[in-house]
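K.L.:
The file below is target_21.cif, mmCIF, C-alpha atoms and all ligand atoms:
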data_data
loop_
_atom_site.label_atom_id
_atom_site.label_comp_id
_atom_site.auth_asym_id
_atom_site.auth_seq_id
_atom_site.Cartn_x
_atom_site.Cartn_y
_atom_site.Cartn_z
CA MET A 11 -0.64 -21.74 -4.09
CA THR A 12 3.10 -21.59 -3.68
CA TRP A 13 5.06 -22.77 -0.65
CA LEU A 14 7.05 -19.53 -0.87
CA ASP A 15 5.97 -16.69 1.37
CA VAL A 16 4.03 -14.82 -1.30
CA ALA A 17 0.89 -12.94 -0.22
CA PRO A 18 -2.28 -14.67 -1.51
CA ASP A 19 -3.37 -11.42 -3.17
CA SER A 20 0.01 -10.75 -4.80
CA PRO A 21 -0.37 -9.86 -8.49
CA PHE A 22 2.81 -11.90 -9.01
CA GLY A 23 1.63 -15.24 -7.64
CA VAL A 24 1.86 -18.60 -9.40
CA ALA A 25 -1.04 -17.70 -11.70
CA ASN A 26 1.13 -15.06 -13.36
CA LEU A 27 4.82 -16.04 -13.69
CA PRO A 28 5.95 -13.31 -16.11
CA TYR A 29 9.32 -13.59 -17.82
CA GLY A 30 12.07 -10.98 -17.81
CA VAL A 31 15.82 -10.55 -18.14
CA PHE A 32 17.77 -9.61 -15.03
CA SER A 33 21.30 -9.32 -13.70
CA VAL A 34 22.87 -9.09 -10.28
CA GLY A 35 26.08 -7.12 -9.79
CA ASP A 36 28.49 -7.70 -12.65
CA ALA A 37 26.99 -11.03 -13.71
CA ALA A 38 25.72 -11.40 -17.27
CA PRO A 39 21.97 -10.82 -17.80
CA ARG A 40 19.84 -13.96 -17.98
CA VAL A 41 16.18 -14.98 -18.07
CA GLY A 42 14.12 -15.09 -14.90
CA VAL A 43 10.53 -15.45 -13.80
CA ARG A 44 9.02 -13.14 -11.21
CA ILE A 45 7.38 -14.74 -8.17
CA GLY A 46 6.21 -12.27 -5.52
CA ASP A 47 9.07 -9.85 -4.96
CA ARG A 48 11.73 -12.27 -6.12
CA VAL A 49 13.19 -13.44 -9.41
CA LEU A 50 13.75 -17.12 -10.13
CA ASP A 51 16.87 -17.76 -12.22
CA LEU A 52 15.60 -20.26 -14.79
CA ALA A 53 18.94 -21.39 -16.17
CA THR A 54 19.76 -22.61 -12.66
CA ALA A 55 16.34 -23.80 -11.49
CA LEU A 56 15.54 -25.69 -14.72
CA ASN A 57 19.16 -26.53 -15.56
CA ASP A 58 18.57 -25.29 -19.10
CA ARG A 59 21.06 -23.10 -20.93
CA VAL A 60 18.40 -21.55 -23.17
CA PHE A 61 17.64 -19.30 -20.20
CA ALA A 62 21.28 -18.24 -19.78
CA ALA A 63 20.82 -15.93 -22.79
CA PRO A 64 20.51 -12.14 -22.25
CA ALA A 65 17.12 -12.13 -24.02
CA LEU A 66 13.98 -14.24 -24.19
CA ASN A 67 14.38 -14.83 -27.93
CA PRO A 68 16.02 -18.32 -27.91
CA PHE A 69 13.32 -19.61 -25.55
CA MET A 70 10.47 -17.90 -27.39
CA ALA A 71 11.69 -19.37 -30.68
CA GLN A 72 11.09 -22.89 -29.31
CA GLY A 73 7.36 -22.37 -29.82
CA PRO A 74 4.12 -22.90 -27.93
CA ALA A 75 4.67 -26.51 -26.82
CA ALA A 76 7.92 -25.51 -25.08
CA TRP A 77 6.24 -22.43 -23.58
CA ALA A 78 3.52 -24.63 -22.06
CA SER A 79 5.83 -27.34 -20.72
CA THR A 80 8.19 -24.75 -19.22
CA ARG A 81 5.32 -23.00 -17.47
CA ASP A 82 4.20 -26.38 -16.09
CA ARG A 83 7.70 -27.14 -14.78
CA ILE A 84 8.08 -23.72 -13.14
CA THR A 85 4.64 -24.06 -11.56
CA GLU A 86 5.52 -27.46 -10.14
CA LEU A 87 8.75 -26.13 -8.65
CA LEU A 88 6.84 -23.36 -6.90
CA VAL A 89 3.82 -25.31 -5.64
CA ASP A 90 5.52 -28.52 -4.50
CA GLU A 91 7.70 -27.85 -1.48
CA ARG A 92 9.84 -30.89 -2.24
CA HIS A 93 11.61 -28.64 -4.76
CA ARG A 94 12.69 -26.15 -2.10
CA GLY A 95 16.32 -27.28 -2.40
CA VAL A 96 16.35 -26.51 -6.13
CA VAL A 97 14.39 -23.27 -5.99
CA GLU A 98 15.86 -21.43 -3.03
CA PRO A 99 19.43 -21.14 -4.36
CA ALA A 100 18.01 -19.74 -7.63
CA LEU A 101 16.01 -16.91 -6.04
CA THR A 102 17.11 -13.26 -6.02
CA PRO A 103 15.28 -10.43 -4.24
CA LEU A 104 13.81 -8.12 -6.87
CA ALA A 105 15.44 -5.20 -5.05
CA ASP A 106 18.88 -6.70 -5.84
CA ALA A 107 18.15 -7.34 -9.50
CA ARG A 108 18.69 -5.00 -12.42
CA LEU A 109 16.00 -5.46 -15.06
CA HIS A 110 16.86 -5.23 -18.76
CA LEU A 111 15.02 -5.06 -22.05
CA PRO A 112 13.43 -8.53 -21.93
CA PHE A 113 13.78 -9.44 -25.59
CA GLU A 114 15.77 -8.45 -28.64
CA VAL A 115 13.26 -6.45 -30.65
CA GLY A 116 12.74 -7.44 -34.27
CA ASP A 117 10.25 -5.37 -36.22
CA TYR A 118 7.96 -2.93 -34.47
CA VAL A 119 4.43 -2.04 -35.54
CA ASP A 120 2.16 0.43 -33.80
CA PHE A 121 -1.61 0.17 -34.27
CA TYR A 122 -4.42 2.65 -33.61
CA ALA A 123 -7.07 0.25 -32.31
CA SER A 124 -9.03 2.31 -29.75
CA GLU A 125 -12.20 3.79 -31.23
CA HIS A 126 -12.37 6.31 -28.38
CA HIS A 127 -8.79 7.48 -28.91
CA ALA A 128 -9.13 7.66 -32.70
CA SER A 129 -12.43 9.55 -32.33
CA ASN A 130 -10.99 12.04 -29.83
CA VAL A 131 -7.96 12.74 -32.00
CA GLY A 132 -10.15 12.96 -35.11
CA ARG A 133 -12.44 15.49 -33.42
CA MET A 134 -9.44 17.63 -32.47
CA PHE A 135 -7.61 17.52 -35.81
CA ARG A 136 -10.52 17.26 -38.26
CA PRO A 137 -13.36 19.12 -36.49
CA ASN A 138 -15.39 19.50 -39.68
CA SER A 139 -15.46 15.87 -40.80
CA ASP A 140 -16.19 12.40 -39.40
CA PRO A 141 -13.92 11.69 -36.39
CA LEU A 142 -13.06 8.24 -37.79
CA THR A 143 -11.49 7.89 -41.23
CA PRO A 144 -13.56 5.81 -43.72
CA ASN A 145 -11.24 2.78 -43.39
CA TRP A 146 -11.15 2.70 -39.58
CA LYS A 147 -13.83 0.06 -38.90
CA HIS A 148 -12.74 -2.11 -41.81
CA LEU A 149 -9.13 -2.71 -40.79
CA PRO A 150 -6.84 -2.10 -37.81
CA ILE A 151 -4.75 0.89 -38.96
CA GLY A 152 -1.05 0.81 -38.10
CA TYR A 153 2.41 1.90 -39.19
CA HIS A 154 5.87 0.35 -39.03
CA GLY A 155 7.87 2.00 -36.26
CA ARG A 156 11.51 2.14 -35.21
CA SER A 157 12.56 -0.96 -33.27
CA GLY A 158 16.07 0.37 -32.53
CA THR A 159 14.69 2.92 -30.06
CA ILE A 160 12.56 0.50 -28.04
CA LEU A 161 13.89 1.11 -24.52
CA PRO A 162 13.68 -0.71 -21.21
CA SER A 163 11.50 0.87 -18.55
CA GLY A 164 13.29 3.54 -16.55
CA THR A 165 15.42 4.83 -19.42
CA PRO A 166 15.37 8.66 -19.32
CA ILE A 167 13.61 10.25 -22.28
CA THR A 168 15.34 13.28 -23.75
CA ARG A 169 12.94 15.88 -25.08
CA PRO A 170 13.40 15.72 -28.86
CA ASN A 171 14.45 18.61 -31.05
CA GLY A 172 12.82 18.99 -34.42
CA GLN A 173 10.75 21.06 -36.80
CA ARG A 174 7.67 22.65 -35.33
CA LYS A 175 5.07 24.73 -37.12
CA ALA A 176 1.78 25.83 -35.64
CA PRO A 177 -1.02 26.20 -38.22
CA ASP A 178 -0.77 30.01 -38.25
CA ASP A 179 3.04 30.18 -38.27
CA ALA A 180 4.45 31.38 -41.59
CA ALA A 181 7.35 28.91 -41.54
CA PRO A 182 8.66 26.07 -39.38
CA THR A 183 11.24 26.65 -36.65
CA PHE A 184 13.72 24.20 -35.13
CA GLY A 185 13.95 23.48 -31.41
CA PRO A 186 12.73 21.42 -28.47
CA SER A 187 9.28 19.87 -28.76
CA ARG A 188 6.71 21.94 -26.87
CA ARG A 189 3.99 19.32 -26.96
CA LEU A 190 5.63 16.19 -25.58
CA ASP A 191 3.14 13.45 -24.77
CA ILE A 192 2.67 9.86 -23.69
CA GLU A 193 0.63 7.07 -25.21
CA ALA A 194 -0.46 4.30 -22.81
CA GLU A 195 -0.45 1.12 -24.89
CA VAL A 196 -0.28 -2.64 -24.61
CA GLY A 197 2.40 -4.56 -26.54
CA PHE A 198 2.31 -8.06 -28.00
CA VAL A 199 5.54 -10.03 -28.43
CA VAL A 200 5.82 -12.55 -31.27
CA GLY A 201 7.52 -15.70 -30.01
CA ALA A 202 7.15 -18.07 -32.95
CA GLY A 203 7.46 -16.32 -36.30
CA SER A 204 5.66 -16.99 -39.55
CA PRO A 205 7.30 -17.37 -42.98
CA LEU A 206 6.98 -14.98 -45.90
CA GLY A 207 3.81 -15.72 -47.81
CA SER A 208 1.96 -17.30 -44.85
CA PRO A 209 -0.72 -15.08 -43.32
CA VAL A 210 -1.49 -15.87 -39.67
CA PRO A 211 -5.25 -16.50 -39.27
CA VAL A 212 -7.05 -14.87 -36.34
CA GLY A 213 -7.44 -18.32 -34.76
CA GLU A 214 -3.68 -18.97 -34.67
CA PHE A 215 -2.81 -15.92 -32.58
CA ALA A 216 -1.79 -17.97 -29.52
CA GLN A 217 0.51 -20.19 -31.59
CA HIS A 218 2.61 -17.15 -32.47
CA VAL A 219 2.29 -14.52 -29.75
CA PHE A 220 4.25 -15.37 -26.62
CA GLY A 221 3.16 -12.65 -24.23
CA VAL A 222 2.07 -9.16 -23.38
CA CYS A 223 3.78 -6.08 -21.93
CA LEU A 224 3.06 -2.40 -21.36
CA VAL A 225 4.26 0.24 -23.78
CA ASN A 226 4.67 4.00 -23.50
CA ASP A 227 4.87 5.35 -27.04
CA TRP A 228 6.34 8.77 -26.24
CA SER A 229 5.05 11.23 -28.83
CA SER A 230 5.97 14.75 -29.85
CA ARG A 231 2.67 16.25 -31.00
CA ASP A 232 4.16 19.38 -32.58
CA LEU A 233 6.78 17.47 -34.56
CA GLN A 234 4.12 14.92 -35.49
CA ALA A 235 1.49 17.45 -36.61
CA TRP A 236 3.88 19.12 -39.07
CA GLU A 237 5.59 16.02 -40.50
CA TYR A 238 2.90 13.37 -40.75
CA VAL A 239 1.03 14.41 -43.91
CA PRO A 240 0.75 12.29 -46.06
CA LEU A 241 2.96 9.37 -44.92
CA GLY A 242 2.27 9.14 -41.18
CA PRO A 243 4.32 9.20 -37.97
CA PHE A 244 8.10 9.58 -38.28
CA LEU A 245 10.43 11.64 -36.03
CA GLY A 246 7.57 12.59 -33.70
CA LYS A 247 7.54 8.97 -32.52
CA SER A 248 10.96 7.44 -33.14
CA PHE A 249 12.99 9.10 -30.36
CA GLY A 250 11.92 6.55 -27.74
CA THR A 251 9.35 3.88 -27.00
CA SER A 252 9.49 2.33 -23.52
CA VAL A 253 8.42 -1.21 -22.61
CA SER A 254 7.80 -2.82 -19.23
CA PRO A 255 10.33 -5.38 -17.94
CA TRP A 256 7.95 -8.33 -17.51
CA ILE A 257 6.36 -10.27 -20.37
CA VAL A 258 3.12 -11.81 -19.10
CA PRO A 259 2.58 -15.06 -20.99
CA LEU A 260 -0.73 -15.45 -22.81
CA ALA A 261 -1.36 -18.53 -20.66
CA ALA A 262 -1.68 -16.24 -17.61
CA LEU A 263 -4.43 -14.21 -19.29
CA GLU A 264 -7.08 -16.90 -19.87
CA HIS A 265 -9.32 -15.32 -17.22
CA ALA A 266 -8.86 -11.87 -18.74
CA ARG A 267 -10.30 -12.84 -22.12
CA VAL A 268 -13.49 -11.03 -23.07
CA ALA A 269 -15.52 -10.44 -26.19
CA PRO A 270 -14.53 -7.21 -27.92
CA PRO A 271 -17.15 -4.47 -28.48
CA PRO A 272 -19.85 -5.21 -31.10
CA ARG A 273 -18.68 -4.86 -34.70
CA ASP A 274 -20.44 -2.45 -37.01
CA PRO A 275 -19.98 -3.26 -39.80
CA GLU A 276 -18.77 -6.85 -39.68
CA PRO A 277 -15.19 -6.91 -40.95
CA LEU A 278 -14.11 -8.95 -43.98
CA PRO A 279 -13.88 -12.70 -43.32
CA TYR A 280 -10.11 -12.78 -42.68
CA LEU A 281 -10.71 -10.43 -39.72
CA ALA A 282 -13.75 -12.27 -38.31
CA ASP A 283 -13.50 -12.64 -34.52
CA ASP A 284 -12.49 -16.10 -33.49
CA GLY A 285 -11.85 -16.91 -29.85
CA ASP A 286 -12.61 -13.65 -28.06
CA TRP A 287 -9.16 -12.15 -27.67
CA GLY A 288 -10.42 -8.94 -26.16
CA LEU A 289 -8.50 -8.55 -22.87
CA ASP A 290 -9.78 -7.05 -19.63
CA LEU A 291 -6.65 -5.18 -18.58
CA ALA A 292 -7.14 -2.30 -16.12
CA ILE A 293 -4.44 0.28 -16.91
CA GLU A 294 -3.37 3.15 -14.67
CA VAL A 295 -1.36 6.19 -15.75
CA ARG A 296 0.53 8.18 -13.12
CA LEU A 297 2.23 11.52 -13.63
CA ASN A 298 4.74 12.37 -10.87
CA GLY A 299 2.99 9.78 -8.72
CA HIS A 300 -0.54 11.14 -9.26
CA LEU A 301 -3.15 8.95 -10.91
CA VAL A 302 -4.32 10.84 -14.00
CA SER A 303 -6.12 8.15 -16.04
CA ARG A 304 -7.49 4.61 -15.93
CA PRO A 305 -7.71 3.37 -19.53
CA PRO A 306 -9.71 0.13 -19.93
CA PHE A 307 -8.15 -2.20 -22.52
CA ARG A 308 -11.40 -4.19 -22.86
CA GLU A 309 -12.86 -1.22 -24.77
CA MET A 310 -10.40 -1.70 -27.66
CA TYR A 311 -12.26 -2.18 -30.93
CA TRP A 312 -9.67 -4.42 -32.62
CA THR A 313 -8.22 -7.45 -30.82
CA PRO A 314 -4.52 -8.39 -30.90
CA ALA A 315 -5.50 -11.52 -32.88
CA GLN A 316 -7.07 -9.32 -35.55
CA MET A 317 -4.02 -7.04 -35.54
CA LEU A 318 -1.68 -9.99 -36.21
CA ALA A 319 -3.99 -11.37 -38.92
CA HIS A 320 -4.11 -8.00 -40.65
CA MET A 321 -0.36 -7.40 -40.29
CA THR A 322 0.40 -10.64 -42.14
CA VAL A 323 -2.52 -10.92 -44.60
CA ASN A 324 -0.38 -9.55 -47.44
CA GLY A 325 2.15 -12.33 -46.85
CA ALA A 326 4.51 -10.31 -44.63
CA SER A 327 6.62 -12.54 -42.42
CA THR A 328 7.02 -12.23 -38.67
CA ARG A 329 10.04 -13.17 -36.57
CA THR A 330 10.80 -14.04 -32.98
CA GLY A 331 11.02 -10.75 -31.07
CA ASP A 332 8.69 -8.74 -33.27
CA LEU A 333 6.64 -6.31 -31.20
CA TYR A 334 3.32 -4.79 -32.08
CA ALA A 335 1.54 -2.28 -29.90
CA SER A 336 -2.17 -1.60 -29.64
CA GLY A 337 -2.17 2.14 -30.05
CA THR A 338 -3.25 4.49 -27.28
CA VAL A 339 -5.80 2.88 -24.99
CA SER A 340 -8.67 5.25 -24.23
CA GLY A 341 -12.11 4.51 -22.81
CA PRO A 342 -15.36 6.45 -23.22
CA GLU A 343 -14.94 8.56 -20.07
CA PRO A 344 -12.73 11.66 -19.79
CA ASP A 345 -10.65 10.07 -17.00
CA GLN A 346 -10.01 6.99 -19.17
CA ARG A 347 -7.92 8.72 -21.82
CA GLY A 348 -4.44 7.31 -22.42
CA SER A 349 -2.67 10.42 -23.71
CA LEU A 350 -2.20 13.98 -22.46
CA ILE A 351 -3.41 15.44 -25.75
CA GLU A 352 -6.79 13.89 -24.95
CA LEU A 353 -6.69 14.63 -21.21
CA SER A 354 -5.93 18.33 -21.90
CA TRP A 355 -7.90 18.41 -25.18
CA GLY A 356 -5.00 19.51 -27.33
CA GLY A 357 -3.54 21.61 -24.52
CA LYS A 358 -6.61 23.87 -24.45
CA GLU A 359 -7.89 22.49 -21.14
CA PRO A 360 -4.86 21.93 -18.89
CA PHE A 361 -5.61 19.57 -16.02
CA ALA A 362 -4.61 20.10 -12.40
CA LEU A 363 -2.28 17.89 -10.40
CA PRO A 364 -2.64 17.59 -6.61
CA ASP A 365 0.61 19.53 -6.14
CA GLY A 366 -1.15 22.65 -7.49
CA THR A 367 0.49 22.64 -10.93
CA THR A 368 -1.32 22.07 -14.22
CA ARG A 369 -0.32 20.18 -17.33
CA GLY A 370 -1.18 20.39 -20.99
CA PHE A 371 1.86 18.38 -22.06
CA LEU A 372 4.95 16.99 -20.31
CA GLU A 373 7.47 19.27 -18.61
CA ASP A 374 11.15 18.53 -18.07
CA GLY A 375 11.55 16.42 -14.94
CA ASP A 376 8.10 14.86 -15.23
CA GLU A 377 7.99 11.13 -14.54
CA VAL A 378 5.31 8.89 -16.06
CA ALA A 379 4.46 5.39 -14.82
CA ILE A 380 1.97 3.13 -16.61
CA SER A 381 0.84 -0.03 -14.80
CA ALA A 382 -1.87 -2.64 -15.30
CA THR A 383 -3.56 -5.66 -13.77
CA ALA A 384 -5.91 -8.28 -15.16
CA PRO A 385 -8.27 -10.86 -13.63
CA GLY A 386 -6.71 -14.22 -12.81
CA PRO A 387 -8.15 -17.51 -11.51
CA ASN A 388 -10.08 -17.62 -8.21
CA GLY A 389 -10.14 -13.88 -7.71
CA ALA A 390 -6.37 -13.46 -8.18
CA ARG A 391 -4.96 -10.47 -10.01
CA ILE A 392 -2.33 -10.73 -12.72
CA GLY A 393 0.19 -7.89 -12.47
CA PHE A 394 2.06 -6.35 -15.38
CA GLY A 395 4.32 -4.19 -13.22
CA GLU A 396 4.99 -0.81 -14.76
CA VAL A 397 6.77 1.05 -17.51
CA THR A 398 8.35 4.31 -16.37
CA GLY A 399 10.31 7.18 -17.84
CA ARG A 400 11.43 10.66 -16.81
CA ILE A 401 11.73 13.61 -19.18
CA GLU A 402 15.20 15.12 -19.55
CA PRO A 403 15.77 18.57 -21.12
CA ALA A 404 16.42 18.72 -24.84
CA ALA A 405 19.99 18.57 -26.06
CA GLY A 406 21.36 22.06 -26.55
CA CA B 501 1.13 4.98 -30.62
#
Hey, can you dump this file as structure tokens for me?
P.N.:
Amino acid sequence: MTWLDVAPDSPFGVANLPYGVFSVGDAAPRVGVRIGDRVLDLATALNDRVFAAPALNPFMAQGPAAWASTRDRITELLVDERHRGVVEPALTPLADARLHLPFEVGDYVDFYASEHHASNVGRMFRPNSDPLTPNWKHLPIGYHGRSGTILPSGTPITRPNGQRKAPDDAAPTFGPSRRLDIEAEVGFVVGAGSPLGSPVPVGEFAQHVFGVCLVNDWSSRDLQAWEYVPLGPFLGKSFGTSVSPWIVPLAALEHARVAPPPRDPEPLPYLADDGDWGLDLAIEVRLNGHLVSRPPFREMYWTPAQMLAHMTVNGASTRTGDLYASGTVSGPEPDQRGSLIELSWGGKEPFALPDGTTRGFLEDGDEVAISATAPGPNGARIGFGEVTGRIEPAAG
């Protein structure tokens, strides 16, 4: 319990303490921790210049011992009122703070780890064969994405132009995407990298991954459908990927850890589960303020520890600031699907919004907000905040 006036049921209490990068007025961006509806300036409160940087990278690079001791120091400042004189001058109301991309993004990988999502998409695109590809339950499938277009939450998303070709069109045409979509995902931020030639075992996940954020992997389904054979996603994905402003440290998610779904078949030994890194995150997707889906992250087949182990098993290195995302989070129920292509079944079954309109895919002006919470200690909730974006018309 903190001595600050933070509601006991706040999802941003002392059990959470997510890190972000903020600025006030014309001051340079720096690292802060969210407590309630305020931001604690860590460079000031901890008298440590590593937090005066405009990104979390220098702090994350210090590794897991520094992450733990820093969290302990921040917790002490906030629970022991004797530190009031140090803390109060370092607090900024969230409403006065501008939030930035919290880390400098290194490499970006996007996985495809939801069995329900992969099965739904498989049923739509390959109706006459198995929904899952033969490799799907043997390895977490992924692709290397474009880190340069990872955007802070709130950045407008311009509808992309590109080549579109419906199956019965004779030839492709060029123009604005007609099937613009979202993908509600969870992102994992590498804090301490791993050298070339050193795979990261499943059991060493928490020594490398610093924290977790929310990701909206904006997707153009018409561009994607025409371009992706045989090498996978390209321009249908690379025009923008939004991330939430707060990085929830793994240490705040101990009470959210759950066993992943049963494995059938058992994966190869390097992917054997070790430590139950399934996570019970309750995600909510809102379109123009209306709740349209509640994807449950605990249903994900592959854990983030298995994703990191697979991503590095060939000897690939990782670096501070690398981001990997889970892939669209979808549960077994129709109202748990994390993309519009699933919610509208390829656009064939548009769904109604309370304002009387219907959607198959996104329209110009639509605003999407993805949020999540997780269980914390003693009934507390751990908040992730939200990742938002509004669709702007395509460039003429
Ligand atoms: Ca994706």
K.L.:
If you count all atoms listed in the file, which residues fall within 10 Å of A:Pro270, apart from same-chain ones fewer than 6 positions away, as JSON, numbers by chain?
P.N.:
{"A": [283, 286, 287, 288, 289, 290, 307, 308, 309, 310, 311, 312, 313]}
K.L.:
Check every protein, DNA and RNA residue against ligand CA 501 (chain B), keep those with an atom at most 6 Å away (counting all atoms listed in the file), and present them as a PDB file with C-alpha atoms, in the coordinates of the input.
P.N.:
ATOM      1  CA  ASP A 120       2.160   0.430 -33.800  1.00  0.00           C
ATOM      2  CA  GLU A 193       0.630   7.070 -25.210  1.00  0.00           C
ATOM      3  CA  ASP A 227       4.870   5.350 -27.040  1.00  0.00           C
ATOM      4  CA  GLY A 337      -2.170   2.140 -30.050  1.00  0.00           C
ATOM      5  CA  THR A 338      -3.250   4.490 -27.280  1.00  0.00           C
TER       6      THR A 338
END
K.L.:
Excluding A:Pro205 and residues on its chain fewer than 4 positions from it, collect all residues at most 12 Å away from it, counting all atoms listed in the file, and give them as a PyMOL selection string.
P.N.:
chain A and resi 209-210+218+322-330
K.L.:
With C-alpha atoms retained, export the selected residues as a CSV table (one decimal), in the frame of the given file.
P.N.:
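Below is the file that was written, result.csv:
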chain,number,residue,atom,x,y,z
A,209,PRO,CA,-0.7,-15.1,-43.3
A,210,VAL,CA,-1.5,-15.9,-39.7
A,218,HIS,CA,2.6,-17.2,-32.5
A,322,THR,CA,0.4,-10.6,-42.1
A,323,VAL,CA,-2.5,-10.9,-44.6
A,324,ASN,CA,-0.4,-9.6,-47.4
A,325,GLY,CA,2.2,-12.3,-46.8
A,326,ALA,CA,4.5,-10.3,-44.6
A,327,SER,CA,6.6,-12.5,-42.4
A,328,THR,CA,7.0,-12.2,-38.7
A,329,ARG,CA,10.0,-13.2,-36.6
A,330,THR,CA,10.8,-14.0,-33.0
K.L.:
Which residue is closest to A:His154? Choose from A:Ile192, A:Leu241, A:Leu350, A:Leu281 and count all atoms listed in the file.
P.N.:
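Of A:Ile192, A:Leu241, A:Leu350, A:Leu281, the one nearest A:His154 is A:Leu241, counting all atoms listed in the file.
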K.L.:
At a cut-off of 9 Å from (-0.7, 16.0, -9.6) in the coordinates of the file, what residues are picked up using all atoms listed in the file, written as a PDB file with C-alpha atoms, in the frame of the given file?
P.N.:
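This went into part_2.pdb:
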ATOM      1  CA  ARG A 296       0.530   8.180 -13.120  1.00  0.00           C
ATOM      2  CA  LEU A 297       2.230  11.520 -13.630  1.00  0.00           C
ATOM      3  CA  ASN A 298       4.740  12.370 -10.870  1.00  0.00           C
ATOM      4  CA  GLY A 299       2.990   9.780  -8.720  1.00  0.00           C
ATOM      5  CA  HIS A 300      -0.540  11.140  -9.260  1.00  0.00           C
ATOM      6  CA  LEU A 301      -3.150   8.950 -10.910  1.00  0.00           C
ATOM      7  CA  VAL A 302      -4.320  10.840 -14.000  1.00  0.00           C
ATOM      8  CA  PHE A 361      -5.610  19.570 -16.020  1.00  0.00           C
ATOM      9  CA  ALA A 362      -4.610  20.100 -12.400  1.00  0.00           C
ATOM     10  CA  LEU A 363      -2.280  17.890 -10.400  1.00  0.00           C
ATOM     11  CA  PRO A 364      -2.640  17.590  -6.610  1.00  0.00           C
ATOM     12  CA  ASP A 365       0.610  19.530  -6.140  1.00  0.00           C
ATOM     13  CA  GLY A 366      -1.150  22.650  -7.490  1.00  0.00           C
ATOM     14  CA  THR A 367       0.490  22.640 -10.930  1.00  0.00           C
ATOM     15  CA  THR A 368      -1.320  22.070 -14.220  1.00  0.00           C
ATOM     16  CA  ARG A 369      -0.320  20.180 -17.330  1.00  0.00           C
TER      17      ARG A 369
END
K.L.:
One decimal, Å: what's the distance from atom CA of A:Ala262 over to atom CA of A:Gly158, could you say?
P.N.:
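Spanning atom CA of A:Ala262 to atom CA of A:Gly158 is a straight-line distance of 28.5 Å.
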K.L.:
Of the candidates A:Pro150, A:Gly370, A:Pro243, A:Pro279, which one gets nearest to A:Arg188 if we count all atoms listed in the file?
P.N.:
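When distances to A:Arg188 are compared using all atoms listed in the file, the smallest one comes from A:Gly370.
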K.L.:
Quote the spacing between atom CA of A:Gly116 and atom CA of A:Ala379 in Å to one decimal place.
P.N.:
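These atoms are spaced 24.7 Å apart.
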K.L.:
Within 9 Å of (-8.4, -16.0, -15.5) in the file's own coordinates, which protein, DNA or RNA residues have an atom, counting only C-alpha atoms? List them as an MDAnalysis selection string.
P.N.:
chainID A and resid 25 262:267 384:392
K.L.:
In Å, with one decimal, what is the gap from atom CA of A:Tyr334 to atom CA of A:Met317?
P.N.:
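Between atom CA of A:Tyr334 and atom CA of A:Met317 the gap is 8.4 Å.
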K.L.:
Point out the residue among A:Val222, A:Leu87, A:Ala319, A:Ala128 with the least atom-to-atom distance to A:Pro259, counting only C-alpha atoms.
P.N.:
A:Val222
K.L.:
From the list A:Val339, A:Ala282, A:Met134, A:Val225, which residue is nearest A:Thr251 when using all atoms listed in the file?
P.N.:
A:Val225
K.L.:
Measuring between only C-alpha atoms, which one of A:Val119, A:Val96, A:Ala194, A:Ala235 shows the shortest distance to A:Tyr153?
P.N.:
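Residue with the minimum atom-to-atom distance to A:Tyr153: A:Val119.
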K.L.:
Smallest atom-to-atom distance to A:Val49: which of A:Trp236, A:Phe61, A:Tyr29, A:Trp228, using all atoms listed in the file?
P.N.:
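Selected residue with least distance to A:Val49: A:Tyr29.
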K.L.:
Kindly provide, as JSON, the centre and edge lengths (Å, one decimal) of an axis-aligned box around all atoms of stretch 207-222 of chain A given in the file, with 4 Å on each side.
P.N.:
{"center_x": -1.6, "center_y": -14.7, "center_z": -35.6, "size_x": 19.7, "size_y": 19.0, "size_z": 32.4}
